[in-house]
$ cat data13.txt   # compact mmCIF, C-alpha atoms
# COMPACT_ATOMS: atom_id res chain seq x y z
CA MET A 1 -66.05 182.53 134.36
CA SER A 2 -66.46 186.29 134.26
CA THR A 3 -65.61 188.10 131.01
CA ARG A 4 -62.42 190.07 130.87
CA PRO A 5 -62.60 193.87 130.92
CA PRO A 6 -62.09 195.42 127.45
CA THR A 7 -58.59 196.68 128.25
CA LEU A 8 -57.38 193.13 128.97
CA ARG A 9 -58.93 191.55 125.86
CA GLU A 10 -57.01 190.70 122.69
CA LYS A 11 -57.42 193.29 119.94
CA ARG A 12 -59.00 191.68 116.89
CA ARG A 13 -59.53 192.60 113.28
CA TYR A 14 -62.29 191.36 110.99
CA ILE A 15 -61.85 190.82 107.26
CA LEU A 16 -64.76 190.80 104.84
CA ILE A 17 -64.37 188.28 102.04
CA HIS A 18 -66.36 187.69 98.89
CA ILE A 19 -66.51 184.05 97.74
CA GLU A 20 -66.31 183.36 94.02
CA PRO A 21 -67.93 181.84 92.03
CA ALA A 22 -71.31 183.26 92.96
CA GLY A 23 -73.70 180.63 94.20
CA ALA A 24 -71.03 178.27 95.54
CA LEU A 25 -72.47 176.44 98.53
CA ILE A 26 -69.75 176.58 101.18
CA GLU A 27 -70.28 175.56 104.80
CA GLN A 28 -68.78 177.95 107.36
CA LYS A 29 -67.02 175.02 109.06
CA ASP A 30 -65.48 173.74 105.81
CA LEU A 31 -64.21 177.22 105.03
CA TYR A 32 -62.66 177.43 108.50
CA TYR A 33 -60.74 174.20 107.81
CA ALA A 34 -59.60 175.52 104.42
CA VAL A 35 -58.40 178.81 105.98
CA SER A 36 -56.67 177.01 108.83
CA ASP A 37 -54.97 174.59 106.42
CA ALA A 38 -53.78 177.45 104.19
CA ILE A 39 -52.34 179.40 107.14
CA THR A 40 -50.56 176.36 108.58
CA SER A 41 -49.19 175.33 105.20
CA LEU A 42 -47.86 178.80 104.45
CA TRP A 43 -46.79 180.19 107.83
CA GLY A 44 -46.49 177.12 110.03
CA ASP A 45 -48.06 176.30 113.39
CA VAL A 46 -46.26 179.07 115.28
CA MET A 47 -47.63 181.86 113.11
CA ALA A 48 -51.05 180.15 112.89
CA ALA A 49 -51.25 180.36 116.69
CA VAL A 50 -50.39 184.07 116.52
CA ILE A 51 -52.91 184.85 113.76
CA MET A 52 -55.77 182.98 115.56
CA ALA A 53 -58.00 182.96 112.49
CA ALA A 54 -61.67 182.05 112.73
CA VAL A 55 -64.64 182.30 110.39
CA VAL A 56 -67.10 184.22 112.54
CA ALA A 57 -70.00 184.95 110.21
CA SER A 58 -71.29 184.28 106.75
CA GLN A 59 -74.01 185.96 104.75
CA ASP A 60 -74.81 184.67 101.26
CA GLU A 61 -71.53 184.85 99.33
CA TYR A 62 -69.76 186.95 101.96
CA VAL A 63 -67.86 185.69 105.00
CA ILE A 64 -66.18 187.51 107.86
CA VAL A 65 -62.86 186.12 109.09
CA ARG A 66 -61.36 187.19 112.42
CA CYS A 67 -57.67 187.52 113.20
CA ARG A 68 -55.42 189.14 115.79
CA ARG A 69 -54.71 192.84 115.19
CA GLY A 70 -51.46 193.30 113.27
CA THR A 71 -51.68 189.96 111.44
CA GLU A 72 -54.07 191.07 108.69
CA ARG A 73 -51.32 190.99 106.07
CA GLU A 74 -50.30 187.42 106.89
CA LEU A 75 -53.93 186.31 106.89
CA SER A 76 -54.69 188.00 103.57
CA ILE A 77 -51.69 186.35 101.89
CA ALA A 78 -52.74 182.96 103.25
CA LEU A 79 -56.31 183.56 102.04
CA SER A 80 -55.03 184.18 98.52
CA THR A 81 -53.55 180.64 98.47
CA ILE A 82 -56.95 178.99 98.99
CA ILE A 83 -58.05 177.39 95.72
CA SER A 84 -60.69 174.94 96.86
CA CYS A 85 -62.96 174.05 99.73
CA ARG A 86 -64.26 170.47 99.97
CA ASP A 87 -63.49 169.79 96.27
CA THR A 88 -65.31 172.96 95.21
CA ARG A 89 -63.06 175.40 93.35
CA ILE A 90 -63.30 178.81 94.93
CA ALA A 91 -61.45 182.12 95.09
CA LEU A 92 -61.59 184.43 98.08
CA ARG A 93 -61.57 188.15 97.27
CA ILE A 94 -60.85 190.47 100.16
CA VAL A 95 -63.29 193.37 100.25
CA ALA A 96 -62.50 195.23 103.48
CA ALA A 97 -61.01 195.03 106.97
CA SER A 98 -62.43 196.53 110.12
CA GLY A 99 -62.29 196.48 113.89
CA THR A 100 -65.95 195.51 114.29
CA ILE A 101 -68.22 192.97 112.66
CA GLU A 102 -71.05 195.50 112.51
CA THR A 103 -69.09 197.81 110.18
CA LEU A 104 -68.53 194.91 107.81
CA ARG A 105 -72.22 193.97 107.92
CA ASP A 106 -72.99 197.58 106.90
CA ARG A 107 -70.45 197.19 104.13
CA ILE A 108 -72.17 194.04 102.85
CA ARG A 109 -75.48 195.92 102.74
CA ARG A 110 -73.82 198.76 100.78
CA VAL A 111 -71.82 196.54 98.39
CA LYS A 112 -74.68 194.18 97.61
CA VAL A 113 -76.47 195.07 94.39
CA PRO A 114 -80.20 194.46 94.67
CA GLY A 115 -81.05 191.30 92.69
CA LEU A 116 -80.66 192.15 89.03
CA GLU A 117 -83.17 190.41 86.85
CA CYS A 118 -81.38 188.40 84.22
CA PRO A 119 -83.01 189.30 80.91
CA LEU A 120 -81.17 186.47 79.19
CA PRO A 121 -83.02 183.23 78.44
CA LEU A 122 -82.31 180.22 80.66
CA GLU A 123 -80.65 178.46 77.77
CA CYS A 124 -77.97 179.93 75.56
CA SER A 125 -75.40 178.79 73.05
CA PHE A 126 -71.68 179.40 73.02
CA GLU A 127 -69.17 177.86 70.59
CA LYS A 128 -71.96 175.78 69.00
CA LYS A 129 -72.94 174.13 72.28
CA THR A 130 -76.02 174.64 74.41
CA TYR A 131 -75.55 175.88 77.96
CA LEU A 132 -77.81 176.57 80.91
CA ILE A 133 -77.36 179.92 82.64
CA HIS A 134 -76.36 179.28 86.24
CA GLN A 135 -75.58 182.78 87.51
CA CYS A 136 -76.00 186.20 85.98
CA ASN A 137 -74.68 189.41 87.56
CA GLY A 138 -74.26 192.52 85.48
CA GLN A 139 -71.90 191.69 82.63
CA LYS A 140 -70.89 188.36 84.16
CA VAL A 141 -72.69 185.19 83.12
CA ASP A 142 -71.80 181.72 84.48
CA VAL A 143 -73.08 178.80 82.43
CA ILE A 144 -73.07 175.00 82.66
CA GLU A 145 -73.24 172.77 79.62
CA LYS A 146 -76.64 171.21 79.06
CA GLY A 147 -76.74 167.49 79.61
CA PHE A 148 -75.25 165.20 82.19
CA LYS A 149 -71.78 164.55 80.72
CA ASN A 150 -69.99 167.82 81.40
CA THR A 151 -71.06 169.81 84.44
CA ASN A 152 -68.10 172.19 84.52
CA ARG A 153 -68.93 175.83 84.86
CA LEU A 154 -67.85 178.32 82.19
CA PHE A 155 -67.29 181.97 83.03
CA LEU A 156 -68.49 184.24 80.23
CA THR A 157 -69.86 187.72 79.66
CA ARG A 158 -73.07 188.87 78.00
CA GLU A 159 -71.06 189.93 74.96
CA ASP A 160 -69.80 186.37 74.49
CA LEU A 161 -73.38 185.16 74.23
CA GLU A 162 -74.63 188.08 72.16
CA GLU A 163 -71.95 187.42 69.56
CA LEU A 164 -73.79 184.38 68.23
CA MET B 1 -46.19 201.93 84.49
CA LYS B 2 -48.53 199.29 83.11
CA ILE B 3 -49.44 196.42 85.42
CA THR B 4 -49.56 193.27 83.31
CA ASP B 5 -50.34 189.65 84.06
CA ALA B 6 -47.87 188.00 81.70
CA CYS B 7 -49.86 184.83 81.01
CA VAL B 8 -53.46 183.70 81.31
CA TYR B 9 -55.21 180.91 79.41
CA PRO B 10 -58.72 181.86 78.25
CA TYR B 11 -61.27 179.48 76.68
CA PRO B 12 -60.72 176.91 75.11
CA LEU B 13 -57.47 176.35 77.07
CA GLY B 14 -59.25 177.42 80.25
CA ASP B 15 -62.85 177.76 81.41
CA SER B 16 -63.26 181.54 81.17
CA SER B 17 -63.70 183.65 78.07
CA VAL B 18 -61.10 186.30 77.32
CA ARG B 19 -63.69 189.03 77.92
CA ARG B 20 -64.51 187.63 81.36
CA MET B 21 -60.81 187.37 82.20
CA ALA B 22 -60.29 190.98 81.12
CA LEU B 23 -63.27 192.06 83.26
CA GLU B 24 -61.85 190.17 86.24
CA ALA B 25 -58.34 191.56 85.64
CA LYS B 26 -59.76 195.07 85.74
CA GLU B 27 -61.44 194.41 89.08
CA LEU B 28 -58.20 192.92 90.42
CA GLY B 29 -56.15 195.99 89.51
CA PHE B 30 -54.41 195.04 86.24
CA ASP B 31 -54.02 197.27 83.18
CA SER B 32 -53.31 194.53 80.66
CA ILE B 33 -53.06 190.76 80.30
CA VAL B 34 -51.23 188.43 77.94
CA ALA B 35 -53.73 185.82 76.77
CA ALA B 36 -52.39 182.63 75.21
CA ASP B 37 -53.59 181.80 71.69
CA THR B 38 -55.97 184.74 71.58
CA PRO B 39 -56.00 187.68 69.17
CA SER B 40 -55.06 191.08 70.61
CA GLY B 41 -57.77 193.55 71.52
CA GLU B 42 -59.24 195.74 74.22
CA PHE B 43 -62.00 194.48 76.47
CA SER B 44 -63.48 196.38 79.44
CA GLY B 45 -60.66 198.93 79.19
CA ILE B 46 -57.99 196.22 79.56
CA ASP B 47 -55.40 195.67 76.84
CA VAL B 48 -55.33 192.03 75.86
CA LEU B 49 -52.04 191.09 74.23
CA SER B 50 -51.79 187.98 72.15
CA GLY B 51 -49.43 185.42 73.64
CA ILE B 52 -47.68 182.53 71.95
CA LEU B 53 -46.10 179.81 74.03
CA ILE B 54 -43.57 177.61 72.26
CA GLN B 55 -42.94 174.36 74.09
CA GLN B 56 -41.45 170.95 73.34
CA THR B 57 -39.88 172.28 70.16
CA ALA B 58 -36.29 171.80 69.02
CA VAL B 59 -34.16 174.96 68.89
CA ARG B 60 -33.77 174.70 65.10
CA ASP B 61 -37.57 174.83 64.62
CA ILE B 62 -38.10 177.90 66.79
CA PRO B 63 -36.98 180.61 64.26
CA SER B 64 -39.50 179.41 61.65
CA ARG B 65 -42.25 179.44 64.28
CA ILE B 66 -41.30 182.99 65.31
CA LYS B 67 -41.26 184.09 61.65
CA ARG B 68 -44.78 182.72 61.22
CA GLU B 69 -46.06 184.67 64.20
CA ARG B 70 -44.11 187.90 63.59
CA ASN B 71 -47.01 189.68 61.86
CA HIS B 72 -49.38 189.12 64.75
CA GLN B 73 -47.48 191.43 67.17
CA ALA B 74 -47.67 188.67 69.76
CA VAL B 75 -45.70 188.22 72.96
CA VAL B 76 -43.59 185.16 72.17
CA SER B 77 -42.47 182.98 75.05
CA VAL B 78 -40.56 179.72 75.17
CA GLN B 79 -40.78 176.98 77.79
CA ALA B 80 -37.39 176.66 79.50
CA GLY B 81 -35.36 173.50 78.98
CA ASN B 82 -31.83 172.55 79.95
CA ASN B 83 -28.94 175.01 80.08
CA GLY B 84 -27.85 174.55 76.44
CA PHE B 85 -31.39 174.95 75.17
CA ASN B 86 -31.96 178.12 77.21
CA ARG B 87 -28.71 179.73 76.05
CA ALA B 88 -29.56 178.91 72.44
CA VAL B 89 -33.09 180.29 72.80
CA ILE B 90 -31.90 183.49 74.49
CA SER B 91 -29.62 184.23 71.54
CA LEU B 92 -32.54 183.99 69.06
CA LYS B 93 -34.29 187.14 67.86
CA GLY B 94 -38.02 187.63 68.33
CA ILE B 95 -38.38 185.90 71.69
CA HIS B 96 -39.66 187.96 74.59
CA ILE B 97 -40.00 185.67 77.61
CA ILE B 98 -38.56 182.40 78.94
CA ARG B 99 -41.14 180.57 81.06
CA GLY B 100 -41.24 177.64 83.46
CA ILE B 101 -37.76 178.15 84.86
CA GLN B 102 -38.95 176.81 88.24
CA SER B 103 -39.71 173.39 86.75
CA ALA B 104 -36.55 173.22 84.62
CA ASP B 105 -33.24 171.68 85.58
CA LYS B 106 -31.41 173.23 88.58
CA THR B 107 -28.56 174.44 86.36
CA ALA B 108 -30.88 175.53 83.54
CA PHE B 109 -30.37 179.23 84.18
CA ASP B 110 -26.90 180.25 85.25
CA HIS B 111 -24.90 183.49 85.27
CA VAL B 112 -23.95 183.13 81.58
CA ALA B 113 -27.60 182.75 80.54
CA ALA B 114 -28.47 185.68 82.83
CA LYS B 115 -25.88 187.93 81.15
CA MET B 116 -27.17 186.87 77.72
CA ALA B 117 -30.79 187.57 78.75
CA ALA B 118 -29.80 191.06 79.93
CA ASP B 119 -27.93 191.77 76.68
CA ASN B 120 -30.69 190.41 74.43
CA HIS B 121 -33.50 192.04 76.38
CA ILE B 122 -35.31 188.78 77.20
CA ALA B 123 -37.41 188.45 80.32
CA ILE B 124 -37.60 185.56 82.75
CA ASP B 125 -41.11 184.79 83.92
CA LEU B 126 -42.00 184.29 87.57
CA ASP B 127 -45.00 181.97 87.57
CA MET B 128 -47.11 182.60 90.68
CA SER B 129 -49.19 179.41 90.36
CA PRO B 130 -46.78 177.11 92.28
CA LEU B 131 -46.68 179.66 95.10
CA ILE B 132 -50.47 179.99 95.16
CA SER B 133 -51.72 176.49 94.55
CA GLY B 134 -48.60 174.48 95.40
CA ARG B 135 -48.17 172.97 98.84
CA GLY B 136 -45.11 171.63 100.64
CA ILE B 137 -42.05 170.76 98.56
CA THR B 138 -43.50 172.12 95.28
CA ARG B 139 -43.91 175.58 96.76
CA GLN B 140 -40.56 175.43 98.56
CA ARG B 141 -38.69 174.47 95.37
CA ALA B 142 -40.33 177.27 93.40
CA MET B 143 -39.37 179.77 96.13
CA GLN B 144 -35.76 178.54 96.08
CA ARG B 145 -35.55 178.88 92.28
CA TYR B 146 -37.08 182.36 92.28
CA ARG B 147 -34.71 183.54 95.02
CA ASP B 148 -31.82 182.23 92.93
CA ILE B 149 -33.11 184.03 89.82
CA LEU B 150 -33.47 187.26 91.81
CA VAL B 151 -29.83 187.04 92.90
CA LEU B 152 -28.84 186.91 89.21
CA GLU B 153 -31.36 189.64 88.32
CA ARG B 154 -29.83 192.03 90.86
CA ARG B 155 -26.38 191.37 89.38
CA PHE B 156 -27.17 191.41 85.63
CA GLU B 157 -30.48 193.36 85.55
CA PHE B 158 -32.37 191.31 82.98
CA PRO B 159 -36.14 191.96 82.78
CA LEU B 160 -38.62 189.91 84.81
CA THR B 161 -42.32 189.32 84.29
CA ILE B 162 -44.99 188.11 86.71
CA SER B 163 -47.78 185.80 85.58
CA SER B 164 -50.62 183.96 87.26
CA HIS B 165 -50.88 181.23 84.57
CA ALA B 166 -54.58 181.24 85.36
CA HIS B 167 -56.82 178.85 83.42
CA SER B 168 -59.86 180.29 85.16
CA ILE B 169 -60.95 183.55 86.77
CA LEU B 170 -60.82 181.63 90.05
CA GLU B 171 -57.04 181.29 89.65
CA MET B 172 -56.47 184.99 89.04
CA ARG B 173 -55.22 187.02 91.99
CA ALA B 174 -55.33 190.72 92.85
CA VAL B 175 -52.24 192.88 92.40
CA ARG B 176 -52.15 193.43 96.17
CA GLU B 177 -52.18 189.67 96.79
CA ILE B 178 -49.38 189.05 94.27
CA VAL B 179 -47.31 191.76 95.96
CA GLY B 180 -47.81 189.90 99.25
CA ILE B 181 -46.81 186.57 97.70
CA CYS B 182 -43.72 188.12 96.06
CA SER B 183 -42.58 189.32 99.49
CA PHE B 184 -41.78 185.64 100.28
CA ILE B 185 -39.04 185.62 97.69
CA ASP B 186 -37.48 188.84 99.00
CA MET B 187 -38.77 191.04 96.22
CA GLU B 188 -38.79 194.72 97.07
CA ILE B 189 -41.75 196.81 95.95
CA THR B 190 -39.60 198.48 93.24
CA ASP B 191 -38.61 195.02 91.89
CA ILE B 192 -42.27 193.98 91.82
CA GLU B 193 -43.27 197.19 89.98
CA LYS B 194 -40.52 196.57 87.43
CA ALA B 195 -41.63 192.95 87.00
CA PHE B 196 -45.28 193.97 86.52
CA SER B 197 -44.19 196.23 83.65
CA GLY B 198 -41.77 193.60 82.29
CA VAL B 199 -43.96 192.77 79.27
CA ASP B 200 -43.94 196.45 78.28
CA THR B 201 -40.16 196.50 78.65
CA VAL B 202 -39.51 193.51 76.40
CA THR B 203 -42.07 194.35 73.73
CA SER B 204 -40.91 197.96 73.32
CA SER B 205 -37.70 198.56 71.41
CA PRO B 206 -34.72 198.98 73.74
CA ALA B 207 -33.39 202.48 74.32
CA TYR B 208 -29.78 202.42 73.15
CA ALA B 209 -27.17 204.70 74.72
CA VAL B 210 -25.82 205.58 71.26
CA LYS B 211 -28.01 206.01 68.20
CA VAL B 212 -26.45 205.00 64.87
CA ILE B 213 -27.68 207.26 62.07
$ encode --input "data13.txt" --output "structure tokens"
Amino acid sequence: MSTRPPTLREKRRYILIHIEPAGALIEQKDLYYAVSDAITSLWGDVMAAVIMAAVVASQDEYVIVRCRRGTERELSIALSTIISCRDTRIALRIVAASGTIETLRDRIRRVKVPGLECPLPLECSFEKKTYLIHQCNGQKVDVIEKGFKNTNRLFLTREDLEEL
Amino acid sequence: MKITDACVYPYPLGDSSVRRMALEAKELGFDSIVAADTPSGEFSGIDVLSGILIQQTAVRDIPSRIKRERNHQAVVSVQAGNNGFNRAVISLKGIHIIRGIQSADKTAFDHVAAKMAADNHIAIDLDMSPLISGRGITRQRAMQRYRDILVLERRFEFPLTISSHAHSILEMRAVREIVGICSFIDMEITDIEKAFSGVDTVTSSPAYAVKVI
């Protein structure tokens, strides 16, 4: 099948999304199912067919989601209703929208802060409990309680740890 | 106009410290947050207001609880109950917000309660969490209730507040996203702006038409 000439192709828009928390291991396919489920649940099958959402690329904690031009608003509202992906709690933060994937790839390169060395020790204490530092980015520090009983992540700042 | 998230639950009620929530709120476009059971302060340029939520308490016990908290300059809110409870609570002094109206009885907030809320300067909270994390009938019911409240709000003009009820930074949403979600319940942008500054409205003293000297 020959490809359609550009004038006959659907106009698309690409949305750059940052996945929180940092370091969450999300498969591109699982995220597609989560996005599709959120759109269908919120807008129904008719609108889902109009939006034609697809996860087209992922790079570390960034993903690029495609939609039909003019449906960016509907897609962004649906994205804000995603709270988990395969039992992993996540939040999707929209960074930018563009007509080409390449522009968004440039944006990722610009937005990304070169790996900051975490000067904090690997272990820290908060509220009289010992935690292991899981992620550290600027002021933000994500920790997990030491041990095997409670593996929930806590979201803190450097100041919270320095207080002790 | 101050954009305020009218209720978040920092650690130990949630999994994020109040500083981290303030940092996140700043990135999401808020100017201030009301944090439950947390002392007031300013973190990362965000005003953190202390919030007290009174729930499962008899009406007769509420005034003593308010009196206890009066010195802390906190935003006092009460969990909505049945119609009689809500009318009684609205007539009490020192209460700023009625919460959880979407999960209360269908007749819990009627036109009489709406008129009283407008007169007594008490806000009704629109909790975004059932619209964000709810699916199916839960979300539909919340939408129905909020649409009904907005009909009364347009008639009686009582204050509204918008809250995420986030227990984690992952449950917080950007101002732009909340505006999008509020469009489902037929809220105009001016209504949303007024609701975002609802906490400011109820905590500041009302401007009377006539000043008694």
$ closest_residue --input "data13.txt" --among "B:Met143, B:Ala36, B:Ala6, B:Ile54" --to "chain A" --atoms "only C-alpha atoms"
B:Met143
$ atom_distance --input "data13.txt" --atom1 "CA of Asp191 (chain B)" --atom2 "CA of Ala114 (chain B)"
16.5 Å
$ atom_distance --input "data13.txt" --atom1 "CA of Ala22 (chain A)" --atom2 "CA of Ile46 (chain B)"
22.9 Å
$ interface_residues --input "data13.txt" --of "chain A" --to "chain B" --cutoff "6 Å" --atoms "all atoms listed in the file" --output "PyMOL selection string"
chain A and resi 77+81+91+154-157
$ residues_around --input "data13.txt" --residues "Ala49 (chain A)" --least-positions-apart "5" --cutoff "10 Å" --atoms "all atoms listed in the file" --output "list in words"
Ile39, Thr40, Trp43, Gly44 and Arg68 of chain A
$ atom_distance --input "data13.txt" --atom1 "CA of Ala104 (chain B)" --atom2 "CA of Asp148 (chain B)"
13.1 Å
$ residues_around --input "data13.txt" --residues "Ile15 (chain A)" --least-positions-apart "3" --cutoff "7 Å" --atoms "all atoms listed in the file" --output "list in words"
Ile64, Val65, Arg66, Ala96, Ala97 and Ser98 of chain A
$ write_last_selection --input "data13.txt" --atoms "C-alpha atoms" --output "PDB file, in the coordinates of the input"
ATOM      1  CA  ILE A  64     -66.180 187.510 107.860  1.00  0.00           C
ATOM      2  CA  VAL A  65     -62.860 186.120 109.090  1.00  0.00           C
ATOM      3  CA  ARG A  66     -61.360 187.190 112.420  1.00  0.00           C
ATOM      4  CA  ALA A  96     -62.500 195.230 103.480  1.00  0.00           C
ATOM      5  CA  ALA A  97     -61.010 195.030 106.970  1.00  0.00           C
ATOM      6  CA  SER A  98     -62.430 196.530 110.120  1.00  0.00           C
TER       7      SER A  98
END
$ residues_around --input "data13.txt" --residues "Ile90 (chain A)" --least-positions-apart "6" --cutoff "7 Å" --atoms "only C-alpha atoms" --output "PDB file with C-alpha atoms, keeping the file's coordinate frame"
ATOM      1  CA  ILE A  19     -66.510 184.050  97.740  1.00  0.00           C
ATOM      2  CA  GLU A  20     -66.310 183.360  94.020  1.00  0.00           C
ATOM      3  CA  PRO A  21     -67.930 181.840  92.030  1.00  0.00           C
ATOM      4  CA  ILE A  83     -58.050 177.390  95.720  1.00  0.00           C
ATOM      5  CA  SER A  84     -60.690 174.940  96.860  1.00  0.00           C
TER       6      SER A  84
ATOM      7  CA  LEU B 170     -60.820 181.630  90.050  1.00  0.00           C
TER       8      LEU B 170
END
